[in-house]
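Enquirer: Sharing run-v9.cif, mmCIF, C-alpha atoms and all ligand atoms:
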```cif
data_work
loop_
_atom_site.group_PDB
_atom_site.id
_atom_site.type_symbol
_atom_site.label_atom_id
_atom_site.label_comp_id
_atom_site.auth_asym_id
_atom_site.auth_seq_id
_atom_site.Cartn_x
_atom_site.Cartn_y
_atom_site.Cartn_z
ATOM 1 C CA MET T 232 -26.998 -21.610 -19.066
ATOM 2 C CA PRO T 233 -24.779 -21.090 -22.145
ATOM 3 C CA THR T 234 -21.158 -22.216 -21.807
ATOM 4 C CA ARG T 235 -18.903 -19.379 -20.621
ATOM 5 C CA HIS T 236 -15.643 -18.889 -22.491
ATOM 6 C CA PHE T 237 -12.650 -16.633 -21.830
ATOM 7 C CA LEU T 238 -11.622 -15.448 -25.282
ATOM 8 C CA SER T 239 -11.183 -11.816 -24.240
ATOM 9 C CA LEU T 240 -11.224 -9.830 -20.987
ATOM 10 C CA LEU T 241 -14.417 -8.294 -22.345
ATOM 11 C CA ASP T 242 -16.193 -11.673 -21.914
ATOM 12 C CA PHE T 243 -16.188 -10.969 -18.154
ATOM 13 C CA SER T 244 -17.650 -8.009 -16.273
ATOM 14 C CA SER T 245 -15.517 -5.646 -14.178
ATOM 15 C CA ASP T 246 -16.935 -7.208 -11.003
ATOM 16 C CA GLU T 247 -16.166 -10.739 -12.194
ATOM 17 C CA LEU T 248 -12.588 -9.793 -13.122
ATOM 18 C CA ARG T 249 -11.960 -8.111 -9.768
ATOM 19 C CA ALA T 250 -13.424 -11.118 -7.912
ATOM 20 C CA LEU T 251 -11.214 -13.414 -9.987
ATOM 21 C CA ILE T 252 -8.090 -11.432 -9.067
ATOM 22 C CA HIS T 253 -8.982 -11.508 -5.362
ATOM 23 C CA HIS T 254 -9.612 -15.253 -5.568
ATOM 24 C CA ALA T 255 -6.239 -15.720 -7.313
ATOM 25 C CA ILE T 256 -4.502 -13.903 -4.449
ATOM 26 C CA ASP T 257 -6.332 -16.161 -1.977
ATOM 27 C CA VAL T 258 -5.427 -19.328 -3.942
ATOM 28 C CA LYS T 259 -1.768 -18.222 -3.946
ATOM 29 C CA THR T 260 -1.781 -17.658 -0.176
ATOM 30 C CA ARG T 261 -3.282 -21.121 0.395
ATOM 31 C CA LEU T 262 -0.668 -22.754 -1.833
ATOM 32 C CA LYS T 263 2.195 -20.967 -0.039
ATOM 33 C CA SER T 264 0.790 -22.098 3.334
ATOM 34 C CA GLY T 265 0.741 -25.717 2.153
ATOM 35 C CA VAL T 266 -3.063 -26.022 2.214
ATOM 36 C CA ALA T 267 -4.379 -28.354 -0.517
ATOM 37 C CA HIS T 268 -7.163 -26.951 -2.697
ATOM 38 C CA THR T 269 -8.514 -29.560 -5.138
ATOM 39 C CA PRO T 270 -11.906 -28.390 -6.476
ATOM 40 C CA LEU T 271 -11.224 -29.812 -9.976
ATOM 41 C CA THR T 272 -10.621 -33.422 -8.937
ATOM 42 C CA GLY T 273 -11.278 -35.700 -11.919
ATOM 43 C CA LYS T 274 -11.528 -32.813 -14.419
ATOM 44 C CA VAL T 275 -9.433 -32.614 -17.585
ATOM 45 C CA LEU T 276 -8.176 -29.582 -19.518
ATOM 46 C CA ALA T 277 -7.089 -30.112 -23.151
ATOM 47 C CA MET T 278 -4.308 -27.691 -24.122
ATOM 48 C CA ILE T 279 -3.819 -27.054 -27.845
ATOM 49 C CA PHE T 280 -0.563 -25.284 -28.692
ATOM 50 C CA GLU T 281 -0.183 -24.174 -32.308
ATOM 51 C CA LYS T 282 2.570 -21.721 -31.195
ATOM 52 C CA SER T 283 5.466 -22.139 -28.741
ATOM 53 C CA SER T 284 5.127 -21.499 -25.023
ATOM 54 C CA THR T 285 6.946 -21.839 -21.732
ATOM 55 C CA ARG T 286 4.869 -19.899 -19.146
ATOM 56 C CA THR T 287 1.434 -20.725 -20.528
ATOM 57 C CA ARG T 288 2.075 -24.447 -20.756
ATOM 58 C CA VAL T 289 3.812 -24.774 -17.399
ATOM 59 C CA SER T 290 1.232 -22.656 -15.560
ATOM 60 C CA PHE T 291 -1.857 -24.395 -16.982
ATOM 61 C CA GLU T 292 -0.393 -27.870 -16.545
ATOM 62 C CA THR T 293 0.812 -27.199 -12.990
ATOM 63 C CA GLY T 294 -2.404 -25.373 -12.149
ATOM 64 C CA MET T 295 -4.631 -28.273 -13.223
ATOM 65 C CA SER T 296 -2.508 -30.707 -11.258
ATOM 66 C CA GLN T 297 -2.621 -28.560 -8.094
ATOM 67 C CA LEU T 298 -6.417 -28.217 -8.449
ATOM 68 C CA GLY T 299 -6.741 -32.025 -8.473
ATOM 69 C CA GLY T 300 -7.296 -32.411 -12.222
ATOM 70 C CA HIS T 301 -5.233 -33.256 -15.281
ATOM 71 C CA ALA T 302 -3.954 -31.299 -18.281
ATOM 72 C CA MET T 303 -3.443 -32.871 -21.715
ATOM 73 C CA PHE T 304 -0.941 -31.322 -24.145
ATOM 74 C CA LEU T 305 -1.946 -31.458 -27.824
ATOM 75 C CA SER T 306 0.296 -30.148 -30.583
ATOM 76 C CA PRO T 307 -0.626 -29.966 -34.285
ATOM 77 C CA ARG T 308 2.442 -32.083 -35.044
ATOM 78 C CA ASP T 309 1.029 -35.170 -33.410
ATOM 79 C CA SER T 310 -2.741 -34.643 -33.552
ATOM 80 C CA GLN T 311 -5.127 -34.542 -36.524
ATOM 81 C CA LEU T 312 -5.286 -30.723 -36.144
ATOM 82 C CA GLY T 313 -1.991 -30.567 -38.016
ATOM 83 C CA ARG T 314 -3.379 -32.763 -40.815
ATOM 84 C CA GLY T 315 -6.284 -30.472 -41.618
ATOM 85 C CA GLU T 316 -9.161 -31.815 -39.486
ATOM 86 C CA PRO T 317 -11.562 -28.862 -39.232
ATOM 87 C CA ILE T 318 -11.287 -26.980 -35.940
ATOM 88 C CA GLU T 319 -15.082 -27.278 -35.442
ATOM 89 C CA ASP T 320 -14.948 -31.090 -35.733
ATOM 90 C CA SER T 321 -11.986 -31.205 -33.360
ATOM 91 C CA ALA T 322 -13.860 -28.938 -30.909
ATOM 92 C CA LYS T 323 -16.963 -31.166 -30.902
ATOM 93 C CA VAL T 324 -14.958 -34.321 -30.273
ATOM 94 C CA ILE T 325 -12.468 -32.954 -27.725
ATOM 95 C CA SER T 326 -15.152 -31.098 -25.732
ATOM 96 C CA SER T 327 -17.277 -34.248 -25.543
ATOM 97 C CA MET T 328 -14.481 -35.859 -23.497
ATOM 98 C CA VAL T 329 -12.880 -33.052 -21.465
ATOM 99 C CA ASP T 330 -14.082 -30.268 -19.140
ATOM 100 C CA GLY T 331 -12.234 -27.339 -20.710
ATOM 101 C CA ILE T 332 -10.037 -26.438 -23.692
ATOM 102 C CA MET T 333 -7.159 -23.965 -23.729
ATOM 103 C CA ILE T 334 -5.793 -22.984 -27.150
ATOM 104 C CA ARG T 335 -2.827 -20.893 -28.276
ATOM 105 C CA THR T 336 -3.061 -20.189 -31.984
ATOM 106 C CA PHE T 337 -2.547 -17.622 -34.746
ATOM 107 C CA GLY T 338 -5.821 -16.136 -36.075
ATOM 108 C CA HIS T 339 -8.379 -15.043 -33.494
ATOM 109 C CA ASP T 340 -11.110 -16.373 -35.825
ATOM 110 C CA ARG T 341 -9.776 -19.901 -35.286
ATOM 111 C CA LEU T 342 -10.251 -19.496 -31.532
ATOM 112 C CA GLU T 343 -13.793 -18.187 -32.087
ATOM 113 C CA GLN T 344 -14.637 -21.130 -34.377
ATOM 114 C CA LEU T 345 -13.365 -23.538 -31.737
ATOM 115 C CA ALA T 346 -15.432 -21.856 -29.002
ATOM 116 C CA ALA T 347 -18.589 -21.789 -31.139
ATOM 117 C CA ALA T 348 -18.418 -25.567 -31.636
ATOM 118 C CA SER T 349 -17.246 -26.506 -28.135
ATOM 119 C CA SER T 350 -19.608 -27.765 -25.426
ATOM 120 C CA ALA T 351 -16.884 -27.073 -22.835
ATOM 121 C CA PRO T 352 -15.416 -23.683 -21.781
ATOM 122 C CA VAL T 353 -12.637 -22.409 -24.064
ATOM 123 C CA ILE T 354 -9.719 -20.294 -22.813
ATOM 124 C CA ASN T 355 -7.616 -18.037 -25.028
ATOM 125 C CA GLY T 356 -3.978 -18.903 -24.328
ATOM 126 C CA LEU T 357 -2.896 -16.218 -26.871
ATOM 127 C CA THR T 358 -3.878 -15.349 -30.424
ATOM 128 C CA ASP T 359 -2.419 -12.799 -32.836
ATOM 129 C CA LYS T 360 -5.059 -10.401 -31.495
ATOM 130 C CA LEU T 361 -5.314 -10.924 -27.711
ATOM 131 C CA HIS T 362 -3.532 -12.425 -24.695
ATOM 132 C CA PRO T 363 -6.082 -12.069 -21.871
ATOM 133 C CA CYS T 364 -4.577 -14.665 -19.471
ATOM 134 C CA GLN T 365 -1.418 -12.547 -19.254
ATOM 135 C CA LEU T 366 -3.519 -9.578 -18.155
ATOM 136 C CA LEU T 367 -5.006 -11.580 -15.273
ATOM 137 C CA ALA T 368 -1.450 -12.150 -14.016
ATOM 138 C CA ASP T 369 -0.440 -8.526 -14.598
ATOM 139 C CA MET T 370 -3.492 -7.249 -12.744
ATOM 140 C CA GLN T 371 -2.940 -9.686 -9.883
ATOM 141 C CA THR T 372 0.636 -8.425 -9.575
ATOM 142 C CA TRP T 373 -0.501 -4.803 -9.463
ATOM 143 C CA PHE T 374 -3.267 -5.557 -6.902
ATOM 144 C CA GLU T 375 -0.754 -7.388 -4.670
ATOM 145 C CA LEU T 376 1.767 -4.561 -4.754
ATOM 146 C CA ARG T 377 -0.385 -1.445 -5.025
ATOM 147 C CA GLY T 378 -4.066 -2.296 -4.427
ATOM 148 C CA ASP T 379 -6.831 -1.623 -6.942
ATOM 149 C CA ILE T 380 -5.620 -0.209 -10.269
ATOM 150 C CA LYS T 381 -8.731 1.962 -10.843
ATOM 151 C CA GLY T 382 -7.659 5.506 -11.726
ATOM 152 C CA ALA T 383 -3.931 4.668 -12.139
ATOM 153 C CA THR T 384 -1.959 5.693 -15.241
ATOM 154 C CA VAL T 385 -0.370 2.886 -17.266
ATOM 155 C CA THR T 386 1.875 3.434 -20.285
ATOM 156 C CA TRP T 387 2.296 0.924 -23.093
ATOM 157 C CA VAL T 388 5.472 1.399 -25.166
ATOM 158 C CA GLY T 389 6.205 -0.535 -28.385
ATOM 159 C CA ASP T 390 4.143 -2.690 -30.693
ATOM 160 C CA GLY T 391 0.356 -2.309 -30.967
ATOM 161 C CA ASN T 392 0.112 -6.099 -30.647
ATOM 162 C CA ASN T 393 -1.912 -8.775 -28.810
ATOM 163 C CA MET T 394 -0.586 -7.610 -25.427
ATOM 164 C CA CYS T 395 -1.298 -3.957 -26.216
ATOM 165 C CA HIS T 396 -4.857 -4.899 -27.253
ATOM 166 C CA SER T 397 -5.394 -6.774 -24.010
ATOM 167 C CA TYR T 398 -4.095 -3.766 -22.046
ATOM 168 C CA ILE T 399 -6.699 -1.636 -23.836
ATOM 169 C CA ASN T 400 -9.458 -4.073 -22.831
ATOM 170 C CA ALA T 401 -8.079 -4.153 -19.271
ATOM 171 C CA ALA T 402 -8.158 -0.338 -19.111
ATOM 172 C CA LYS T 403 -11.858 -0.489 -19.936
ATOM 173 C CA ARG T 404 -12.733 -3.209 -17.430
ATOM 174 C CA PHE T 405 -10.389 -2.157 -14.568
ATOM 175 C CA GLU T 406 -10.942 1.584 -15.179
ATOM 176 C CA PHE T 407 -7.338 2.762 -15.460
ATOM 177 C CA ASN T 408 -5.957 5.317 -17.907
ATOM 178 C CA LEU T 409 -3.742 3.920 -20.643
ATOM 179 C CA ASN T 410 -1.172 5.935 -22.582
ATOM 180 C CA ILE T 411 0.039 4.231 -25.740
ATOM 181 C CA ALA T 412 3.221 5.052 -27.692
ATOM 182 C CA CYS T 413 3.701 2.901 -30.820
ATOM 183 C CA PRO T 414 5.555 3.590 -34.100
ATOM 184 C CA GLU T 415 3.373 5.022 -36.845
ATOM 185 C CA ASN T 416 2.839 1.788 -38.785
ATOM 186 C CA TYR T 417 2.469 -0.428 -35.718
ATOM 187 C CA GLN T 418 -0.575 1.121 -34.039
ATOM 188 C CA PRO T 419 -3.148 -1.022 -32.213
ATOM 189 C CA ASP T 420 -6.397 -2.071 -33.912
ATOM 190 C CA ALA T 421 -8.598 1.014 -34.337
ATOM 191 C CA ASP T 422 -11.815 -0.774 -33.283
ATOM 192 C CA ILE T 423 -10.271 -2.055 -30.053
ATOM 193 C CA VAL T 424 -9.050 1.473 -29.250
ATOM 194 C CA ALA T 425 -12.435 3.018 -30.158
ATOM 195 C CA ASN T 426 -14.207 0.625 -27.791
ATOM 196 C CA ALA T 427 -12.160 2.009 -24.870
ATOM 197 C CA LYS T 428 -11.652 5.554 -26.139
ATOM 198 C CA GLU T 429 -12.547 7.170 -22.798
ATOM 199 C CA ARG T 430 -9.560 5.342 -21.241
ATOM 200 C CA VAL T 431 -6.911 5.503 -23.993
ATOM 201 C CA THR T 432 -4.600 8.338 -25.107
ATOM 202 C CA THR T 433 -2.133 7.823 -27.938
ATOM 203 C CA PHE T 434 1.286 9.532 -28.111
ATOM 204 C CA THR T 435 4.073 9.691 -30.656
ATOM 205 C CA ASP T 436 6.766 10.458 -28.071
ATOM 206 C CA THR T 437 7.610 7.752 -25.496
ATOM 207 C CA MET T 438 8.864 10.282 -22.890
ATOM 208 C CA GLU T 439 5.610 12.242 -23.113
ATOM 209 C CA ALA T 440 3.577 9.043 -22.844
ATOM 210 C CA SER T 441 5.385 7.760 -19.777
ATOM 211 C CA LYS T 442 5.596 11.040 -17.833
ATOM 212 C CA ASN T 443 4.276 10.472 -14.262
ATOM 213 C CA SER T 444 2.985 6.990 -15.143
ATOM 214 C CA ASP T 445 2.450 4.404 -12.398
ATOM 215 C CA LEU T 446 3.219 1.375 -14.564
ATOM 216 C CA ILE T 447 5.321 0.998 -17.713
ATOM 217 C CA VAL T 448 4.738 -2.057 -19.910
ATOM 218 C CA THR T 449 6.309 -3.303 -23.116
ATOM 219 C CA ASP T 450 6.645 -6.491 -25.185
ATOM 220 C CA VAL T 451 8.846 -7.864 -27.968
ATOM 221 C CA TRP T 452 9.077 -5.927 -31.233
ATOM 222 C CA ALA T 453 8.432 -9.041 -33.343
ATOM 223 C CA SER T 454 5.809 -11.463 -32.046
ATOM 224 C CA MET T 455 5.508 -15.159 -32.867
ATOM 225 C CA GLY T 456 4.769 -15.476 -36.572
ATOM 226 C CA GLN T 457 6.576 -12.183 -37.394
ATOM 227 C CA GLU T 458 10.130 -13.545 -37.276
ATOM 228 C CA GLU T 459 10.779 -12.569 -40.913
ATOM 229 C CA GLU T 460 9.988 -8.925 -40.125
ATOM 230 C CA GLN T 461 12.622 -8.807 -37.343
ATOM 231 C CA THR T 462 15.099 -6.547 -39.200
ATOM 232 C CA GLU T 463 12.570 -3.981 -40.399
ATOM 233 C CA ARG T 464 10.943 -3.962 -36.988
ATOM 234 C CA VAL T 465 14.270 -3.332 -35.187
ATOM 235 C CA ASN T 466 14.684 -0.265 -37.405
ATOM 236 C CA ALA T 467 11.127 0.989 -36.880
ATOM 237 C CA PHE T 468 11.172 0.458 -33.098
ATOM 238 C CA SER T 469 14.698 1.678 -32.261
ATOM 239 C CA SER T 470 13.424 4.765 -30.388
ATOM 240 C CA PHE T 471 10.744 2.768 -28.528
ATOM 241 C CA GLN T 472 12.944 1.128 -25.924
ATOM 242 C CA VAL T 473 12.058 1.179 -22.232
ATOM 243 C CA ASN T 474 15.328 2.359 -20.699
ATOM 244 C CA GLN T 475 16.461 4.103 -17.511
ATOM 245 C CA GLN T 476 15.836 7.547 -18.996
ATOM 246 C CA LEU T 477 12.210 6.652 -19.738
ATOM 247 C CA MET T 478 11.706 5.124 -16.267
ATOM 248 C CA ALA T 479 13.167 8.283 -14.704
ATOM 249 C CA GLY T 480 10.385 10.356 -16.290
ATOM 250 C CA ALA T 481 7.669 8.100 -14.864
ATOM 251 C CA ASP T 482 6.416 8.316 -11.272
ATOM 252 C CA LYS T 483 9.238 7.570 -8.799
ATOM 253 C CA ASP T 484 7.312 4.488 -7.564
ATOM 254 C CA ALA T 485 6.448 3.263 -11.079
ATOM 255 C CA LEU T 486 6.609 -0.476 -11.733
ATOM 256 C CA PHE T 487 7.839 -2.196 -14.901
ATOM 257 C CA MET T 488 6.102 -5.241 -16.416
ATOM 258 C CA HIS T 489 6.808 -7.447 -19.436
ATOM 259 C CA CYS T 490 4.936 -10.673 -20.289
ATOM 260 C CA LEU T 491 8.238 -12.387 -21.270
ATOM 261 C CA PRO T 492 10.133 -13.716 -23.113
ATOM 262 C CA ALA T 493 12.128 -10.464 -23.316
ATOM 263 C CA HIS T 494 14.897 -9.274 -25.615
ATOM 264 C CA ARG T 495 17.303 -7.230 -23.474
ATOM 265 C CA GLY T 496 18.798 -4.372 -25.499
ATOM 266 C CA GLU T 497 15.769 -4.241 -27.832
ATOM 267 C CA GLU T 498 12.386 -3.367 -26.297
ATOM 268 C CA VAL T 499 13.857 -3.109 -22.789
ATOM 269 C CA ALA T 500 17.278 -2.206 -21.419
ATOM 270 C CA ALA T 501 18.822 -4.863 -19.158
ATOM 271 C CA GLU T 502 19.155 -2.302 -16.337
ATOM 272 C CA VAL T 503 15.354 -1.841 -16.348
ATOM 273 C CA ILE T 504 14.157 -5.452 -16.585
ATOM 274 C CA ASP T 505 16.810 -6.547 -14.078
ATOM 275 C CA GLY T 506 16.400 -3.399 -11.973
ATOM 276 C CA LYS T 507 14.492 -2.473 -8.800
ATOM 277 C CA GLN T 508 11.277 -1.316 -10.462
ATOM 278 C CA SER T 509 10.835 -4.511 -12.452
ATOM 279 C CA VAL T 510 8.259 -7.020 -11.166
ATOM 280 C CA VAL T 511 8.499 -9.446 -14.088
ATOM 281 C CA TRP T 512 9.244 -12.570 -12.020
ATOM 282 C CA GLN T 513 6.245 -12.053 -9.731
ATOM 283 C CA GLU T 514 4.198 -11.285 -12.859
ATOM 284 C CA ALA T 515 5.311 -14.556 -14.503
ATOM 285 C CA GLU T 516 4.620 -16.639 -11.381
ATOM 286 C CA ASN T 517 1.154 -15.121 -11.127
ATOM 287 C CA ARG T 518 0.216 -16.787 -14.427
ATOM 288 C CA LEU T 519 -0.159 -19.932 -12.304
ATOM 289 C CA HIS T 520 -2.322 -18.423 -9.569
ATOM 290 C CA ALA T 521 -4.510 -16.227 -11.796
ATOM 291 C CA GLN T 522 -5.231 -19.095 -14.203
ATOM 292 C CA LYS T 523 -6.065 -21.445 -11.329
ATOM 293 C CA ALA T 524 -8.767 -18.965 -10.317
ATOM 294 C CA LEU T 525 -9.933 -18.831 -13.954
ATOM 295 C CA LEU T 526 -10.035 -22.641 -14.278
ATOM 296 C CA GLU T 527 -11.981 -22.921 -11.040
ATOM 297 C CA PHE T 528 -14.482 -20.310 -12.229
ATOM 298 C CA LEU T 529 -15.009 -21.885 -15.693
ATOM 299 C CA MET T 530 -14.726 -25.590 -14.828
ATOM 300 C CA GLY T 531 -15.681 -25.810 -11.140
ATOM 301 C CA ASP T 532 -18.406 -24.605 -8.799
ATOM 302 C CA LEU T 533 -16.869 -21.203 -8.056
ATOM 303 C CA THR T 534 -19.360 -18.364 -8.541
ATOM 304 C CA PHE T 535 -18.966 -14.640 -7.996
HETATM 305 N N1 LIG T 601 4.023 -14.658 -21.499
HETATM 306 C C1 LIG T 601 3.758 -15.831 -22.107
HETATM 307 O O1 LIG T 601 2.615 -16.093 -22.545
HETATM 308 O O2 LIG T 601 4.812 -16.659 -22.170
HETATM 309 P P1 LIG T 601 4.927 -18.036 -23.012
HETATM 310 O O3 LIG T 601 4.945 -17.660 -24.467
HETATM 311 O O4 LIG T 601 6.201 -18.644 -22.533
HETATM 312 O O5 LIG T 601 3.721 -18.881 -22.695
HETATM 313 N N1 LIG T 602 3.412 -10.579 -28.344
HETATM 314 C C1 LIG T 602 4.095 -11.822 -28.019
HETATM 315 C C2 LIG T 602 3.668 -12.309 -26.680
HETATM 316 C C3 LIG T 602 4.341 -13.591 -26.241
HETATM 317 C C4 LIG T 602 3.877 -14.081 -24.921
HETATM 318 C C5 LIG T 602 3.793 -12.846 -29.108
HETATM 319 O O1 LIG T 602 2.633 -12.942 -29.535
HETATM 320 O O2 LIG T 602 4.713 -13.538 -29.522
#
```
Do you think you could lay out the structure here as structure tokens?
Expert:
Amino acid sequence: MPTRHFLSLLDFSSDELRALIHHAIDVKTRLKSGVAHTPLTGKVLAMIFEKSSTRTRVSFETGMSQLGGHAMFLSPRDSQLGRGEPIEDSAKVISSMVDGIMIRTFGHDRLEQLAAASSAPVINGLTDKLHPCQLLADMQTWFELRGDIKGATVTWVGDGNNMCHSYINAAKRFEFNLNIACPENYQPDADIVANAKERVTTFTDTMEASKNSDLIVTDVWASMGQEEEQTERVNAFSSFQVNQQLMAGADKDALFMHCLPAHRGEEVAAEVIDGKQSVVWQEAENRLHAQKALLEFLMGDLTF
């Protein structure tokens, strides 16, 4: 059987993704009850970080340890990746010694080159284009609090970035309706939208987009690698903040999610992210549980 990778949510079927979420909830319950679950004993995950991270690193490293395995942190600064060794050569060598590779990098093509040359499963820990692991955690959070998300209305407010793209893919696989409100020059990739066009509606007005929504989601205005655009982005995005007025127009039981790190007073008002409808801390913790289910599926004997 060819090696399975997780570069995008679209690499998995709807049934596989739902089964993964249910397994993540089960794995979380076992952990909280103090029951050891070590199906990856002796296995090693290499983690390549070409961009910064708190949640992704801590969750993968903790997750591997809890599953009985080991995680190895590799940064370009102190590996040959930073000195120009081709990613394909690195992939061949690293995958000959470990059982899985997680990479966080810039161009999505670099991730695809790594996966093409790797004999071990590759996990996308974020690229400029997609952040699928975050969506596993977001979906787990929704399933825990509200049940299946099929048929719900989700609104994305802000940048048409890697998180927005992954929400579009999630809408397709989990069958929810996604309203998107982004500034004119910061729209999501047209091909990604076209692939899920039956699920996606675009808006210019954030209040219109969020009306009666069940879940409101946003992310930073300037992603990693876009730091120099911060000032022009603050100007372009100033009317795209998730604030109390916007939440008041959504369904009264609407939830608020944000992948974090957040900039209070920019993409989200402090009263929203620190308010009653926000589930960002549960969402962040679920990175651990959702990725443990993913690691078990790709590197262990778990089948769905
Ligand atoms: N949400 C997320 O991926 O966080 P980190 O950048 O801290 O990993
Ligand atoms: N869009 C953000 C997500 C960080 C987790 C970025 O790429 O920086």
Enquirer: Could you list the residues chosen by the PyMOL selection byres (((chain T and resi 426-439) around 7) and not hetatm) in this structure as a PyMOL selection string?
Expert: chain T and resi 388+399-400+402-403+407-413+422-425+440-442+471+477+480
Enquirer: Find, counting all atoms listed in the file, the residue in T:Ala401, T:Lys282, T:Val510, T:Glu406 that gets nearest to Gly456 in chain T.
Expert: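 Checking each candidate against Gly456 in chain T, we get T:Lys282 as the closest.
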Enquirer: Work out how far atom C1 of ligand LIG 601 (chain T) is from CA of Val324 in chain T, in Å to one decimal.
Expert: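 Separation of CA of Val324 in chain T and atom C1 of ligand LIG 601 (chain T): 27.5 Å.
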Enquirer: Considering all atoms listed in the file, can you say which of T:Gly273, T:Gly356, T:Gly391, T:Gly265 comes closest to ligand LIG 601 (chain T)?
Expert: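 Of T:Gly273, T:Gly356, T:Gly391, T:Gly265, the one nearest ligand LIG 601 (chain T), counting all atoms listed in the file, is T:Gly356.
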Enquirer: Restricting the calculation to only C-alpha atoms and all ligand atoms, which member of T:Gly496, T:Pro233, T:Gly338, T:Gly378 is positioned closest to ligand LIG 602 (chain T)?
Expert: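 Answer, going by the shortest atom-to-atom distance: T:Gly338.
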Enquirer: Would you mind listing, for every residue of chain T within 12 Å of ligand LIG 602 (chain T), the two atoms forming the shortest contact and the distance between them in Å to one decimal, using all atoms listed in the file, sorted by chain and ascending residue number, as JSON lines?
Expert:
```
{"residue": "T:Glu281", "atom": "CA", "partner": "T:LIG602", "partner_atom": "O1", "distance": 11.9}
{"residue": "T:Lys282", "atom": "CA", "partner": "T:LIG602", "partner_atom": "O2", "distance": 8.6}
{"residue": "T:Ser283", "atom": "CA", "partner": "T:LIG602", "partner_atom": "O2", "distance": 8.7}
{"residue": "T:Ser284", "atom": "CA", "partner": "T:LIG602", "partner_atom": "C4", "distance": 7.5}
{"residue": "T:Thr285", "atom": "CA", "partner": "T:LIG602", "partner_atom": "C4", "distance": 8.9}
{"residue": "T:Arg286", "atom": "CA", "partner": "T:LIG602", "partner_atom": "C4", "distance": 8.3}
{"residue": "T:Thr287", "atom": "CA", "partner": "T:LIG602", "partner_atom": "C4", "distance": 8.3}
{"residue": "T:Arg288", "atom": "CA", "partner": "T:LIG602", "partner_atom": "C4", "distance": 11.3}
{"residue": "T:Arg335", "atom": "CA", "partner": "T:LIG602", "partner_atom": "O1", "distance": 9.7}
{"residue": "T:Thr336", "atom": "CA", "partner": "T:LIG602", "partner_atom": "O1", "distance": 9.5}
{"residue": "T:Phe337", "atom": "CA", "partner": "T:LIG602", "partner_atom": "O1", "distance": 8.7}
{"residue": "T:Gly338", "atom": "CA", "partner": "T:LIG602", "partner_atom": "O1", "distance": 11.2}
{"residue": "T:His339", "atom": "CA", "partner": "T:LIG602", "partner_atom": "O1", "distance": 11.9}
{"residue": "T:Gly356", "atom": "CA", "partner": "T:LIG602", "partner_atom": "C4", "distance": 9.2}
{"residue": "T:Leu357", "atom": "CA", "partner": "T:LIG602", "partner_atom": "O1", "distance": 7.0}
{"residue": "T:Thr358", "atom": "CA", "partner": "T:LIG602", "partner_atom": "O1", "distance": 7.0}
{"residue": "T:Asp359", "atom": "CA", "partner": "T:LIG602", "partner_atom": "O1", "distance": 6.0}
{"residue": "T:Lys360", "atom": "CA", "partner": "T:LIG602", "partner_atom": "O1", "distance": 8.3}
{"residue": "T:Leu361", "atom": "CA", "partner": "T:LIG602", "partner_atom": "O1", "distance": 8.4}
{"residue": "T:His362", "atom": "CA", "partner": "T:LIG602", "partner_atom": "C2", "distance": 7.5}
{"residue": "T:Pro363", "atom": "CA", "partner": "T:LIG602", "partner_atom": "C4", "distance": 10.6}
{"residue": "T:Cys364", "atom": "CA", "partner": "T:LIG602", "partner_atom": "C4", "distance": 10.1}
{"residue": "T:Gln365", "atom": "CA", "partner": "T:LIG602", "partner_atom": "C4", "distance": 7.9}
{"residue": "T:Leu366", "atom": "CA", "partner": "T:LIG602", "partner_atom": "C4", "distance": 11.0}
{"residue": "T:Gly389", "atom": "CA", "partner": "T:LIG602", "partner_atom": "N1", "distance": 10.4}
{"residue": "T:Asp390", "atom": "CA", "partner": "T:LIG602", "partner_atom": "N1", "distance": 8.3}
{"residue": "T:Gly391", "atom": "CA", "partner": "T:LIG602", "partner_atom": "N1", "distance": 9.2}
{"residue": "T:Asn392", "atom": "CA", "partner": "T:LIG602", "partner_atom": "N1", "distance": 6.0}
{"residue": "T:Asn393", "atom": "CA", "partner": "T:LIG602", "partner_atom": "N1", "distance": 5.6}
{"residue": "T:Met394", "atom": "CA", "partner": "T:LIG602", "partner_atom": "N1", "distance": 5.8}
{"residue": "T:Cys395", "atom": "CA", "partner": "T:LIG602", "partner_atom": "N1", "distance": 8.4}
{"residue": "T:His396", "atom": "CA", "partner": "T:LIG602", "partner_atom": "N1", "distance": 10.1}
{"residue": "T:Ser397", "atom": "CA", "partner": "T:LIG602", "partner_atom": "N1", "distance": 10.5}
{"residue": "T:Tyr398", "atom": "CA", "partner": "T:LIG602", "partner_atom": "N1", "distance": 11.9}
{"residue": "T:Thr449", "atom": "CA", "partner": "T:LIG602", "partner_atom": "N1", "distance": 9.4}
{"residue": "T:Asp450", "atom": "CA", "partner": "T:LIG602", "partner_atom": "N1", "distance": 6.1}
{"residue": "T:Val451", "atom": "CA", "partner": "T:LIG602", "partner_atom": "N1", "distance": 6.1}
{"residue": "T:Trp452", "atom": "CA", "partner": "T:LIG602", "partner_atom": "N1", "distance": 7.9}
{"residue": "T:Ala453", "atom": "CA", "partner": "T:LIG602", "partner_atom": "O2", "distance": 7.0}
{"residue": "T:Ser454", "atom": "CA", "partner": "T:LIG602", "partner_atom": "O2", "distance": 3.4}
{"residue": "T:Met455", "atom": "CA", "partner": "T:LIG602", "partner_atom": "O2", "distance": 3.8}
{"residue": "T:Gly456", "atom": "CA", "partner": "T:LIG602", "partner_atom": "O2", "distance": 7.3}
{"residue": "T:Gln457", "atom": "CA", "partner": "T:LIG602", "partner_atom": "O2", "distance": 8.2}
{"residue": "T:Glu458", "atom": "CA", "partner": "T:LIG602", "partner_atom": "O2", "distance": 9.5}
{"residue": "T:His489", "atom": "CA", "partner": "T:LIG602", "partner_atom": "C4", "distance": 9.1}
{"residue": "T:Cys490", "atom": "CA", "partner": "T:LIG602", "partner_atom": "C4", "distance": 5.8}
{"residue": "T:Leu491", "atom": "CA", "partner": "T:LIG602", "partner_atom": "C4", "distance": 5.9}
{"residue": "T:Pro492", "atom": "CA", "partner": "T:LIG602", "partner_atom": "C4", "distance": 6.5}
{"residue": "T:Ala493", "atom": "CA", "partner": "T:LIG602", "partner_atom": "C3", "distance": 8.9}
{"residue": "T:His494", "atom": "CA", "partner": "T:LIG602", "partner_atom": "C1", "distance": 11.4}
{"residue": "T:Glu498", "atom": "CA", "partner": "T:LIG602", "partner_atom": "N1", "distance": 11.7}
{"residue": "T:Ala515", "atom": "CA", "partner": "T:LIG602", "partner_atom": "C4", "distance": 10.5}
{"residue": "T:Arg518", "atom": "CA", "partner": "T:LIG602", "partner_atom": "C4", "distance": 11.4}
```
